[in-house]
>>> print(open('target04.cif').read())   # mmCIF, C-alpha atoms and all ligand atoms; chains and numbers go by the auth columns
data_query
#
loop_
_atom_site.group_PDB
_atom_site.id
_atom_site.type_symbol
_atom_site.label_atom_id
_atom_site.label_comp_id
_atom_site.label_asym_id
_atom_site.label_seq_id
_atom_site.Cartn_x
_atom_site.Cartn_y
_atom_site.Cartn_z
_atom_site.B_iso_or_equiv
_atom_site.auth_seq_id
_atom_site.auth_asym_id
ATOM 1 C CA MET A 1 22.279 -40.863 20.535 0.00 1 A
ATOM 2 C CA CYS A 2 21.067 -40.122 17.049 0.00 2 A
ATOM 3 C CA LYS A 3 20.459 -43.156 14.853 0.00 3 A
ATOM 4 C CA GLU A 4 20.754 -42.030 11.261 0.00 4 A
ATOM 5 C CA GLU A 5 19.984 -44.110 8.199 0.00 5 A
ATOM 6 C CA ARG A 6 20.196 -43.488 4.500 0.00 6 A
ATOM 7 C CA ILE A 7 17.334 -44.292 2.196 0.00 7 A
ATOM 8 C CA GLY A 8 18.612 -43.622 -1.289 0.00 8 A
ATOM 9 C CA ALA A 9 20.156 -40.172 -1.217 0.00 9 A
ATOM 10 C CA LYS A 10 18.022 -39.104 1.715 0.00 10 A
ATOM 11 C CA ARG A 11 19.389 -39.099 5.255 0.00 11 A
ATOM 12 C CA ILE A 12 16.751 -39.689 7.922 0.00 12 A
ATOM 13 C CA CYS A 13 16.847 -39.820 11.687 0.00 13 A
ATOM 14 C CA ARG A 14 15.015 -42.653 13.427 0.00 14 A
ATOM 15 C CA LYS A 15 13.928 -42.688 17.054 0.00 15 A
ATOM 16 C CA CYS A 16 15.161 -39.184 17.753 0.00 16 A
ATOM 17 C CA LEU A 17 13.332 -36.627 19.817 0.00 17 A
ATOM 18 C CA THR A 18 13.818 -32.941 19.157 0.00 18 A
ATOM 19 C CA ALA A 19 15.961 -32.762 22.319 0.00 19 A
ATOM 20 C CA ASP A 20 18.415 -35.155 20.661 0.00 20 A
ATOM 21 C CA MET A 21 18.697 -33.115 17.493 0.00 21 A
ATOM 22 C CA ASN A 22 20.602 -30.119 16.290 0.00 22 A
ATOM 23 C CA GLU A 23 17.882 -27.430 16.111 0.00 23 A
ATOM 24 C CA LYS A 24 19.124 -25.907 12.847 0.00 24 A
ATOM 25 C CA GLU A 25 19.277 -29.293 11.163 0.00 25 A
ATOM 26 C CA TYR A 26 15.905 -30.275 12.586 0.00 26 A
ATOM 27 C CA PHE A 27 14.176 -27.246 11.081 0.00 27 A
ATOM 28 C CA ALA A 28 15.990 -27.717 7.777 0.00 28 A
ATOM 29 C CA ASN A 29 14.622 -31.278 7.724 0.00 29 A
ATOM 30 C CA LEU A 30 11.127 -30.001 8.535 0.00 30 A
ATOM 31 C CA HIS A 31 11.271 -27.489 5.675 0.00 31 A
ATOM 32 C CA ALA A 32 12.577 -30.156 3.299 0.00 32 A
ATOM 33 C CA TYR A 33 9.769 -32.480 4.404 0.00 33 A
ATOM 34 C CA ILE A 34 7.189 -29.775 3.640 0.00 34 A
ATOM 35 C CA ALA A 35 8.773 -28.991 0.268 0.00 35 A
ATOM 36 C CA ASN A 36 8.681 -32.665 -0.687 0.00 36 A
ATOM 37 C CA LEU A 37 5.079 -33.404 0.288 0.00 37 A
ATOM 38 C CA ALA A 38 3.177 -35.167 -2.458 0.00 38 A
ATOM 39 C CA ALA A 39 1.360 -32.703 -4.715 0.00 39 A
ATOM 40 C CA ASP A 40 -1.988 -34.421 -4.153 0.00 40 A
ATOM 41 C CA ILE A 41 -1.962 -33.720 -0.406 0.00 41 A
ATOM 42 C CA LYS A 42 -0.193 -30.369 -0.433 0.00 42 A
ATOM 43 C CA ALA A 43 -2.080 -27.088 -0.047 0.00 43 A
ATOM 44 C CA ASP A 44 -1.810 -24.588 -2.871 0.00 44 A
ATOM 45 C CA GLN A 45 1.033 -22.124 -2.220 0.00 45 A
ATOM 46 C CA GLU A 46 -1.328 -19.132 -2.046 0.00 46 A
ATOM 47 C CA ILE A 47 -3.532 -20.904 0.493 0.00 47 A
ATOM 48 C CA TYR A 48 -0.483 -21.999 2.491 0.00 48 A
ATOM 49 C CA GLU A 49 0.717 -18.410 2.731 0.00 49 A
ATOM 50 C CA LYS A 50 -2.750 -17.123 3.694 0.00 50 A
ATOM 51 C CA ARG A 51 -3.003 -19.738 6.422 0.00 51 A
ATOM 52 C CA LEU A 52 0.389 -18.809 7.851 0.00 52 A
ATOM 53 C CA ALA A 53 -0.518 -15.111 7.766 0.00 53 A
ATOM 54 C CA VAL A 54 -3.508 -15.973 9.981 0.00 54 A
ATOM 55 C CA CYS A 55 -1.336 -18.044 12.325 0.00 55 A
ATOM 56 C CA LYS A 56 1.174 -15.202 12.623 0.00 56 A
ATOM 57 C CA GLN A 57 -1.614 -12.976 13.972 0.00 57 A
ATOM 58 C CA CYS A 58 -2.898 -15.651 16.376 0.00 58 A
ATOM 59 C CA ASP A 59 -2.190 -15.466 20.111 0.00 59 A
ATOM 60 C CA LEU A 60 -1.841 -19.264 20.181 0.00 60 A
ATOM 61 C CA LEU A 61 1.276 -19.256 17.982 0.00 61 A
ATOM 62 C CA ALA A 62 4.414 -19.796 20.054 0.00 62 A
ATOM 63 C CA ASP A 63 7.834 -20.952 18.832 0.00 63 A
ATOM 64 C CA ALA A 64 6.364 -21.895 15.452 0.00 64 A
ATOM 65 C CA MET A 65 3.876 -24.214 17.169 0.00 65 A
ATOM 66 C CA CYS A 66 0.144 -23.958 17.669 0.00 66 A
ATOM 67 C CA ARG A 67 -0.673 -24.166 21.372 0.00 67 A
ATOM 68 C CA ALA A 68 -4.157 -25.449 20.510 0.00 68 A
ATOM 69 C CA CYS A 69 -3.035 -28.585 18.675 0.00 69 A
ATOM 70 C CA GLY A 70 0.725 -28.877 19.286 0.00 70 A
ATOM 71 C CA CYS A 71 1.566 -28.916 15.578 0.00 71 A
ATOM 72 C CA PHE A 72 4.230 -26.922 13.846 0.00 72 A
ATOM 73 C CA VAL A 73 1.908 -24.553 11.996 0.00 73 A
ATOM 74 C CA GLU A 74 3.964 -24.636 8.801 0.00 74 A
ATOM 75 C CA LEU A 75 3.491 -28.387 8.600 0.00 75 A
ATOM 76 C CA ARG A 76 -0.201 -28.219 9.502 0.00 76 A
ATOM 77 C CA ALA A 77 -0.842 -25.468 6.967 0.00 77 A
ATOM 78 C CA ALA A 78 1.070 -27.249 4.199 0.00 78 A
ATOM 79 C CA ILE A 79 -1.449 -30.106 3.992 0.00 79 A
ATOM 80 C CA GLY A 80 -4.579 -29.181 2.093 0.00 80 A
ATOM 81 C CA LYS A 81 -7.089 -31.231 4.098 0.00 81 A
ATOM 82 C CA ASN A 82 -5.928 -29.833 7.448 0.00 82 A
ATOM 83 C CA SER A 83 -7.781 -27.065 9.215 0.00 83 A
ATOM 84 C CA CYS A 84 -7.207 -24.764 12.169 0.00 84 A
ATOM 85 C CA PRO A 85 -8.506 -26.280 15.437 0.00 85 A
ATOM 86 C CA TYR A 86 -10.177 -22.925 16.153 0.00 86 A
ATOM 87 C CA ASP A 87 -11.615 -22.668 12.661 0.00 87 A
ATOM 88 C CA LYS A 88 -9.514 -19.622 11.766 0.00 88 A
ATOM 89 C CA TRP A 89 -8.705 -21.309 8.465 0.00 89 A
ATOM 90 C CA LYS A 90 -10.415 -24.271 6.862 0.00 90 A
ATOM 91 C CA ALA A 91 -9.557 -27.379 4.891 0.00 91 A
ATOM 92 C CA GLN A 92 -8.776 -26.566 1.289 0.00 92 A
ATOM 93 C CA THR A 93 -11.524 -26.933 -1.238 0.00 93 A
ATOM 94 C CA LYS A 94 -11.174 -26.371 -4.937 0.00 94 A
ATOM 95 C CA ARG A 95 -12.251 -22.775 -4.412 0.00 95 A
ATOM 96 C CA GLY A 96 -9.812 -21.826 -1.648 0.00 96 A
ATOM 97 C CA ILE A 97 -9.511 -21.724 2.155 0.00 97 A
HETATM 98 S S1 LIG B . -3.665 -23.240 13.614 0.00 1 B
HETATM 99 FE FE1 LIG B . -5.302 -21.835 14.280 0.00 1 B
HETATM 100 S S2 LIG B . -5.210 -21.792 16.530 0.00 1 B
HETATM 101 FE FE2 LIG B . -3.261 -22.644 15.766 0.00 1 B
HETATM 102 S S3 LIG B . -1.863 -20.882 15.603 0.00 1 B
HETATM 103 FE FE3 LIG B . -2.826 -21.144 13.605 0.00 1 B
HETATM 104 S S4 LIG B . -4.617 -19.800 13.636 0.00 1 B
HETATM 105 FE FE4 LIG B . -3.951 -20.097 15.763 0.00 1 B
#
>>> encode(input="target04.cif", output="structure tokens", more="lines below")
Ligand code: SF4
Amino acid sequence: MCKEERIGAKRICRKCLTADMNEKEYFANLHAYIANLAADIKADQEIYEKRLAVCKQCDLLADAMCRACGCFVELRAAIGKNSCPYDKWKAQTKRGI
């Protein structure tokens, strides 16, 4: 059973697994989480899009997840310091990917 709480205006789900969640709502929450990442940890939009373009061509992408690391690639790519486990894209530096 889903245990929801409110923190301010934000509704969050505690102790839920994806199997317990409504898939549409789960992905909406994931996208909202990415959109609301703090600016100091977030990858630049151009870099984010380049990273995802690489993932979309990768044989390890399945159901939005990387089979090498188990991450949702959109979440992994959204954080500047992250990198591809197969070095197909690198941690963000001031000059790009
Ligand atoms: S993070 Fe790297 S290994 Fe994983 S899907 Fe993207 S390009 Fe492929």
>>> residues_around(input="target04.cif", residues="stretch 33-46 of chain A", least_positions_apart="5", cutoff="8 Å", atoms="only C-alpha atoms", output="number ranges by chain")
A: 74-75, 77-81, 92
>>> closest_residue(input="target04.cif", among="A:Ala32, A:Cys58, A:Met21, A:Cys16", to="ligand LIG 1 (chain B)", atoms="only C-alpha atoms and all ligand atoms")
A:Cys58
>>> axis_aligned_box(input="target04.cif", around="ligand LIG 1 (chain B)", padding_each_side="4 Å", output="lines of an AutoDock Vina configuration file")
center_x = -3.6
center_y = -21.5
center_z = 15.1
size_x = 11.4
size_y = 11.4
size_z = 10.9
>>> residues_around(input="target04.cif", residues="A:Ala62", least_positions_apart="5", cutoff="10 Å", atoms="only C-alpha atoms", output="PyMOL selection string")
chain A and resi 55-56+67+70+72-73
>>> closest_atom_pairs(input="target04.cif", of="chain A", to="ligand LIG 1 (chain B)", cutoff="8 Å", atoms="only C-alpha atoms and all ligand atoms", output="Markdown table")
| residue | atom | partner | partner_atom | distance |
| --- | --- | --- | --- | --- |
| A:Arg51 | CA | B:LIG1 | FE3 | 7.3 |
| A:Leu52 | CA | B:LIG1 | FE3 | 7.0 |
| A:Val54 | CA | B:LIG1 | S4 | 5.4 |
| A:Cys55 | CA | B:LIG1 | FE3 | 3.7 |
| A:Lys56 | CA | B:LIG1 | S3 | 7.1 |
| A:Gln57 | CA | B:LIG1 | S4 | 7.5 |
| A:Cys58 | CA | B:LIG1 | FE4 | 4.6 |
| A:Asp59 | CA | B:LIG1 | FE4 | 6.6 |
| A:Leu60 | CA | B:LIG1 | S3 | 4.9 |
| A:Leu61 | CA | B:LIG1 | S3 | 4.3 |
| A:Ala62 | CA | B:LIG1 | S3 | 7.8 |
| A:Met65 | CA | B:LIG1 | S3 | 6.8 |
| A:Cys66 | CA | B:LIG1 | FE2 | 4.1 |
| A:Arg67 | CA | B:LIG1 | FE2 | 6.4 |
| A:Ala68 | CA | B:LIG1 | S2 | 5.5 |
| A:Cys69 | CA | B:LIG1 | FE2 | 6.6 |
| A:Cys71 | CA | B:LIG1 | FE2 | 7.9 |
| A:Val73 | CA | B:LIG1 | S1 | 5.9 |
| A:Arg76 | CA | B:LIG1 | S1 | 7.3 |
| A:Ala77 | CA | B:LIG1 | S1 | 7.6 |
| A:Ser83 | CA | B:LIG1 | S1 | 7.1 |
| A:Cys84 | CA | B:LIG1 | FE1 | 4.1 |
| A:Pro85 | CA | B:LIG1 | FE1 | 5.6 |
| A:Tyr86 | CA | B:LIG1 | S2 | 5.1 |
| A:Asp87 | CA | B:LIG1 | FE1 | 6.6 |
| A:Lys88 | CA | B:LIG1 | S4 | 5.2 |
| A:Trp89 | CA | B:LIG1 | FE1 | 6.8 |
>>> closest_residue(input="target04.cif", among="A:Ile47, A:Glu25, A:His31, A:Asp20", to="A:Ala91", atoms="all atoms listed in the file")
A:Ile47
>>> atom_distance(input="target04.cif", atom1="atom CA of A:Ala64", atom2="atom CA of A:Glu49")
14.3 Å
